[in-house]
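> Mind looking over this structure? Questions follow.
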Amino acid sequence: LEPSASPSKQPTPEPSTSPSKKPSSEPTKQPTPEPSASPSEKPTNEPCNQPTLEPSKQPIPEPSKQPAPEPSNAPSRKPTLRPTPNPVTDSPTTSSPTFKPSESPTQKPVTASPTPYERFFFGDEFVTYKDLGIEVSRGLNVRLIAQTGEPVQYANEGKSKLDYHSKSDGAGSIPWNPDNPLEDGYAYVVNSEEGDGQGGVYGLYFDKDGNVADYKVLLTDTTDNCGGGLTPWNTWVSCEEYEDGQCWQVDPVSGDAQKTKLGGNGGRYESVAVDNTNTMNPVFFTTEDHEEGAMRRCVANGNGWNALHSDGDERFLLILDNNSFEWTTDEGAAR
């Protein structure tokens with residue numbers, strides 16, 4: 001008998017029914033569930049030469065020919081995204097477009113996002129824009145849209161009558177038409193932190209495709225306009241950061257600007273945030289940039305422009321000794 005011939009003639013896809021008991025005598029008709037008993041019966045001279053379907057013909061050295069040196073070299077081959085750590089040179093107003101362009105409300109960002117989309121960690125790796133002399137995080141794009149002391153160039157080849165302002169600070173993006181933001185453009189509303197009544201708020205206007213369309217002044221004769229905040233009705237609150245500063249509401253669409261009640265008797269105001277959970281009584285929080293500054297809370301009456309210019313409940317944050325807090329009408333205690 002030549003048992004080695006029979007398995008090669010019937011290499012059924014079920015190697016578990018191995019040709020155990022005398023393969024010449026119909027091994028497929030007796031595939032007993034105990035293949036372990038077969039080795040005890042005349043295993044022929046070379047039972048271990050055919051334990052499986054020729055495993056020895058696929059030697060696994062192929063993966064071993066590509067050991068870990070390749071991956072270990074890979075990280076060192078990708079620092080092209082982390083160029084030489086040249087310090088960021090001055091580019092005061094050549095700022096990256098719209099603070100965080102990707103977060104502008106449902107608008108096409110001014111700068112094209114990377115294609116295909118790629119995950120990255122902010123600040124993880126940097127790319128140097130030599131023409132601008134700045135470094136940005138990998139995955140971001142930058143273009144120059146305005147420069148202090150020079151007119152703003154428009155996409156239609158025109159330019160602004162005003163030179164772009166100096167000392168840009170807090171800013172926000174507001175759609176021209178909140179009901180249809182994808183079909184209309186938006187305004188980049190930005191403070192100027194110049195002192196001595198030379199500060200203010202300016203608007204840089206973009207069309208729906210991110211092209212610069214206009215530039216104009218929205219608020220003048222103010223001082224040290226530092227931070228601020230957006231309102232639920234698409235206006236900007238600009239905070240003056242000096243002794244007698246106030247908080248001003250600015251509408252980049254209508255061009256209106258007016259002092260709000262958030263500033264009270266004046267202070268070094270920094271930023272404004274709003275909780276609009278109750279739309280008829282939005283709650284505004286105003287911070288003051290001072291070591292004895294008080295956190296202010298104003299519960300407005302109504303919603304819209306007039307909410308910041310009408311009566312409302314104003315209180316101050318008071319930290320208590322038992323690690324708790326309360327809102328008080330005593331501004332002196334809160335300081």
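Labeling convention for the structure tokens: chains A, B, ... as they appear, residues from 1 per chain, ligands from 1 in order of appearance.
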Can you pull out every residue within 7 Å of region 209-225 of chain A, counting only C-alpha atoms, but drop anything in the same chain fewer than 6 positions away, and send it as a PyMOL selection string?
chain A and resi 108-110+154-155+160+191-203+238-242+252+255+257
> Rounded to one decimal, what separation in Å do you get between CA of Gln246 (chain A) and CA of Gly172 (chain A)?
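Computed distance, CA of Gln246 (chain A) to CA of Gly172 (chain A), equals 18.4 Å.
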> So which one's closest to Pro181 (chain A), A:Tyr164, A:Tyr129, A:Phe206, A:Phe285? Using only C-alpha atoms, please.
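Counting only C-alpha atoms, the residue closest to Pro181 (chain A) is A:Phe206.
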> Work out how far apart CA of Val237 (chain A) and CA of Val250 (chain A) are and give it in Å to one decimal.
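It comes out at 6.2 Å.
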> By how many Å are CA of Val299 (chain A) and CA of Thr329 (chain A) apart?
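These two atoms are separated by 12.8 Å.
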> Choose the residue, out of A:Asn234, A:Thr287, A:Asn301, A:Asn306, that has the smallest atom-to-atom separation from Arg335 (chain A); count only C-alpha atoms.
A:Thr287
> Let's see if you can do this: from backbone DSSP, list all helix (DSSP H, G or I) residues in region 110-316 of chain A, as a list of chain:residue names.
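Filtering region 110-316 of chain A to helix (DSSP H, G or I) leaves A:Trp305, A:Asn306, A:Ala307, A:Leu308.
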> Could you pull the residues within 10 Å of Leu317 (chain A), counting only C-alpha atoms, minus those fewer than 3 positions along the same chain, as a list in words?
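Residues near the query, excluding close chain neighbours: Phe285, Ala294, Met295, Arg296, Arg297, Leu320, Phe325, Glu326, Trp327, Thr328, Thr329, Asp330, Glu331, Ala333, Ala334 and Arg335 of chain A.
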> Here is a test: counting only C-alpha atoms, which residue of A:Tyr269, A:Trp248, A:Lys130, A:Trp233 is nearest to Gly302 (chain A)?
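Of all the options, A:Trp233 lies closest to Gly302 (chain A).
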> Do a neighbour search on Gly149 (chain A) at 10 Å with only C-alpha atoms, toss out local chain neighbours closer than 4 positions, and write the hits as a list in words.
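Non-adjacent residues within range: Thr93, Leu162, Asp163, Tyr164, His165 and Ser166 of chain A.
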> Under the rule that only C-alpha atoms are counted, which of A:His290, A:Leu230, A:Phe126, A:Gly264 is the nearest residue to Glu314 (chain A)?
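For Glu314 (chain A), the nearest of the candidates is A:Gly264.
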> Enumerate as a short mmCIF file (atom, residue, chain, number, x, y, z; two decimals) with all heavy atoms, in the first residue's frame all residues of region 227-275 of chain A assigned to strand (DSSP E or B) by DSSP on the backbone, naming them with the chain letters and numbers the document uses.

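That gives us part-v4.cif:
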```cif
data_model
loop_
_atom_site.label_atom_id
_atom_site.label_comp_id
_atom_site.auth_asym_id
_atom_site.auth_seq_id
_atom_site.Cartn_x
_atom_site.Cartn_y
_atom_site.Cartn_z
N GLY A 227 -11.01 92.52 24.49
CA GLY A 227 -11.79 91.35 24.10
C GLY A 227 -13.24 91.70 23.86
O GLY A 227 -13.58 92.83 23.50
N GLY A 228 -14.10 90.74 24.09
CA GLY A 228 -15.53 90.95 23.86
C GLY A 228 -16.23 89.63 23.73
O GLY A 228 -15.83 88.63 24.32
N GLY A 229 -17.27 89.59 22.92
CA GLY A 229 -18.03 88.35 22.73
C GLY A 229 -19.17 88.55 21.76
O GLY A 229 -19.62 89.67 21.51
N LEU A 230 -19.64 87.43 21.20
CA LEU A 230 -20.77 87.45 20.28
C LEU A 230 -22.07 87.28 21.04
O LEU A 230 -22.12 86.60 22.07
CB LEU A 230 -20.62 86.32 19.25
CG LEU A 230 -19.44 86.43 18.29
CD1 LEU A 230 -19.27 85.13 17.51
CD2 LEU A 230 -19.63 87.61 17.33
N TRP A 236 -21.77 92.01 17.99
CA TRP A 236 -20.49 91.88 18.69
C TRP A 236 -20.46 92.85 19.86
O TRP A 236 -20.84 94.02 19.72
CB TRP A 236 -19.34 92.18 17.73
CG TRP A 236 -17.98 92.34 18.34
CD1 TRP A 236 -17.27 93.50 18.49
CD2 TRP A 236 -17.15 91.30 18.86
NE1 TRP A 236 -16.05 93.26 19.07
CE2 TRP A 236 -15.94 91.91 19.31
CE3 TRP A 236 -17.29 89.92 19.00
CZ2 TRP A 236 -14.91 91.17 19.90
CZ3 TRP A 236 -16.26 89.19 19.57
CH2 TRP A 236 -15.08 89.81 20.01
N VAL A 237 -20.04 92.38 21.05
CA VAL A 237 -19.85 93.25 22.20
C VAL A 237 -18.35 93.48 22.36
O VAL A 237 -17.58 92.53 22.53
CB VAL A 237 -20.44 92.64 23.49
CG1 VAL A 237 -20.15 93.55 24.68
CG2 VAL A 237 -21.94 92.43 23.34
N SER A 238 -17.94 94.74 22.28
CA SER A 238 -16.53 95.11 22.39
C SER A 238 -16.27 95.72 23.76
O SER A 238 -16.96 96.65 24.18
CB SER A 238 -16.16 96.11 21.29
OG SER A 238 -14.81 96.51 21.40
N CYS A 239 -15.26 95.19 24.46
CA CYS A 239 -14.96 95.62 25.83
C CYS A 239 -13.75 96.54 25.87
O CYS A 239 -12.68 96.19 25.34
CB CYS A 239 -14.69 94.40 26.72
SG CYS A 239 -16.09 93.27 26.87
N GLU A 240 -13.91 97.69 26.52
CA GLU A 240 -12.78 98.59 26.74
C GLU A 240 -12.04 98.15 28.01
O GLU A 240 -12.66 97.94 29.05
CB GLU A 240 -13.26 100.03 26.89
CG GLU A 240 -13.83 100.63 25.62
CD GLU A 240 -14.27 102.07 25.86
OE1 GLU A 240 -15.32 102.26 26.50
OE2 GLU A 240 -13.56 103.00 25.41
N GLU A 241 -10.73 98.08 27.90
CA GLU A 241 -9.92 97.60 29.02
C GLU A 241 -9.09 98.75 29.60
O GLU A 241 -7.87 98.80 29.47
CB GLU A 241 -9.01 96.45 28.54
CG GLU A 241 -8.29 95.73 29.66
CD GLU A 241 -7.30 94.71 29.13
OE1 GLU A 241 -6.77 94.91 28.02
OE2 GLU A 241 -7.05 93.72 29.82
N CYS A 247 -18.70 98.55 27.70
CA CYS A 247 -18.93 97.45 26.77
C CYS A 247 -19.92 97.94 25.70
O CYS A 247 -21.03 98.38 26.04
CB CYS A 247 -19.49 96.23 27.50
SG CYS A 247 -18.43 95.60 28.81
N TRP A 248 -19.50 97.84 24.45
CA TRP A 248 -20.27 98.41 23.34
C TRP A 248 -20.81 97.31 22.45
O TRP A 248 -20.10 96.37 22.09
CB TRP A 248 -19.38 99.33 22.52
CG TRP A 248 -18.81 100.47 23.30
CD1 TRP A 248 -17.73 100.43 24.15
CD2 TRP A 248 -19.29 101.81 23.33
NE1 TRP A 248 -17.51 101.65 24.70
CE2 TRP A 248 -18.44 102.54 24.22
CE3 TRP A 248 -20.33 102.48 22.70
CZ2 TRP A 248 -18.63 103.90 24.48
CZ3 TRP A 248 -20.50 103.84 22.96
CH2 TRP A 248 -19.67 104.52 23.84
N GLN A 249 -22.10 97.45 22.07
CA GLN A 249 -22.70 96.51 21.14
C GLN A 249 -22.59 97.06 19.71
O GLN A 249 -22.91 98.22 19.46
CB GLN A 249 -24.18 96.25 21.48
CG GLN A 249 -24.81 95.23 20.56
CD GLN A 249 -26.21 94.81 20.98
OE1 GLN A 249 -26.65 93.70 20.68
NE2 GLN A 249 -26.93 95.68 21.69
N VAL A 250 -22.12 96.21 18.79
CA VAL A 250 -21.88 96.63 17.41
C VAL A 250 -22.57 95.64 16.47
O VAL A 250 -22.45 94.42 16.63
CB VAL A 250 -20.36 96.67 17.11
CG1 VAL A 250 -20.12 97.05 15.66
CG2 VAL A 250 -19.65 97.65 18.04
N ALA A 257 -23.94 101.05 16.55
CA ALA A 257 -23.06 100.83 17.69
C ALA A 257 -23.60 101.61 18.88
O ALA A 257 -24.00 102.78 18.73
CB ALA A 257 -21.63 101.26 17.37
N GLN A 258 -23.64 100.98 20.07
CA GLN A 258 -24.23 101.64 21.23
C GLN A 258 -23.64 101.03 22.51
O GLN A 258 -23.38 99.84 22.60
CB GLN A 258 -25.76 101.46 21.22
CG GLN A 258 -26.48 102.21 22.31
CD GLN A 258 -27.99 102.03 22.23
OE1 GLN A 258 -28.52 101.47 21.26
NE2 GLN A 258 -28.71 102.51 23.23
N LYS A 259 -23.46 101.89 23.52
CA LYS A 259 -22.98 101.44 24.82
C LYS A 259 -24.04 100.59 25.50
O LYS A 259 -25.23 100.93 25.49
CB LYS A 259 -22.62 102.63 25.70
CG LYS A 259 -22.04 102.25 27.05
CD LYS A 259 -21.56 103.48 27.81
CE LYS A 259 -22.72 104.35 28.28
NZ LYS A 259 -22.25 105.46 29.14
N ARG A 268 -12.12 97.84 33.76
CA ARG A 268 -11.18 97.29 32.79
C ARG A 268 -11.74 95.97 32.25
O ARG A 268 -11.32 94.89 32.66
CB ARG A 268 -9.81 97.07 33.44
CG ARG A 268 -9.19 98.35 33.99
CD ARG A 268 -7.93 98.03 34.77
NE ARG A 268 -6.98 97.27 33.95
CZ ARG A 268 -6.07 97.84 33.17
NH1 ARG A 268 -5.99 99.17 33.09
NH2 ARG A 268 -5.26 97.10 32.46
N TYR A 269 -12.65 96.04 31.32
CA TYR A 269 -13.38 94.85 30.90
C TYR A 269 -12.62 94.05 29.85
O TYR A 269 -11.92 94.61 28.99
CB TYR A 269 -14.77 95.24 30.39
CG TYR A 269 -15.59 95.89 31.48
CD1 TYR A 269 -16.02 97.22 31.38
CD2 TYR A 269 -15.89 95.19 32.64
CE1 TYR A 269 -16.73 97.81 32.40
CE2 TYR A 269 -16.61 95.78 33.67
CZ TYR A 269 -17.02 97.09 33.54
OH TYR A 269 -17.72 97.69 34.56
N GLU A 270 -12.77 92.76 29.95
CA GLU A 270 -12.01 91.85 29.10
C GLU A 270 -12.89 91.10 28.10
O GLU A 270 -12.73 91.24 26.91
CB GLU A 270 -11.25 90.84 29.96
CG GLU A 270 -10.44 89.82 29.19
CD GLU A 270 -9.24 90.45 28.50
OE1 GLU A 270 -8.70 91.44 29.03
OE2 GLU A 270 -8.84 89.95 27.44
N SER A 271 -13.83 90.30 28.60
CA SER A 271 -14.61 89.44 27.71
C SER A 271 -16.04 89.30 28.19
O SER A 271 -16.36 89.57 29.36
CB SER A 271 -13.97 88.04 27.61
OG SER A 271 -12.71 88.12 27.00
N VAL A 272 -16.89 88.84 27.27
CA VAL A 272 -18.32 88.63 27.54
C VAL A 272 -18.71 87.26 27.03
O VAL A 272 -18.31 86.86 25.93
CB VAL A 272 -19.18 89.72 26.85
CG1 VAL A 272 -20.66 89.39 26.98
CG2 VAL A 272 -18.89 91.08 27.45
N ALA A 273 -19.48 86.53 27.82
CA ALA A 273 -20.06 85.25 27.40
C ALA A 273 -21.54 85.28 27.74
O ALA A 273 -21.98 86.02 28.63
CB ALA A 273 -19.36 84.08 28.09
N VAL A 274 -22.33 84.46 27.05
CA VAL A 274 -23.77 84.48 27.25
C VAL A 274 -24.34 83.07 27.31
O VAL A 274 -23.90 82.18 26.58
CB VAL A 274 -24.48 85.29 26.13
CG1 VAL A 274 -24.19 84.69 24.77
CG2 VAL A 274 -25.97 85.39 26.36
N ASP A 275 -25.29 82.89 28.22
CA ASP A 275 -26.06 81.66 28.31
C ASP A 275 -27.46 81.97 27.78
O ASP A 275 -28.22 82.70 28.41
CB ASP A 275 -26.13 81.18 29.76
CG ASP A 275 -26.97 79.92 29.94
OD1 ASP A 275 -27.55 79.43 28.95
OD2 ASP A 275 -27.06 79.42 31.08
#
```
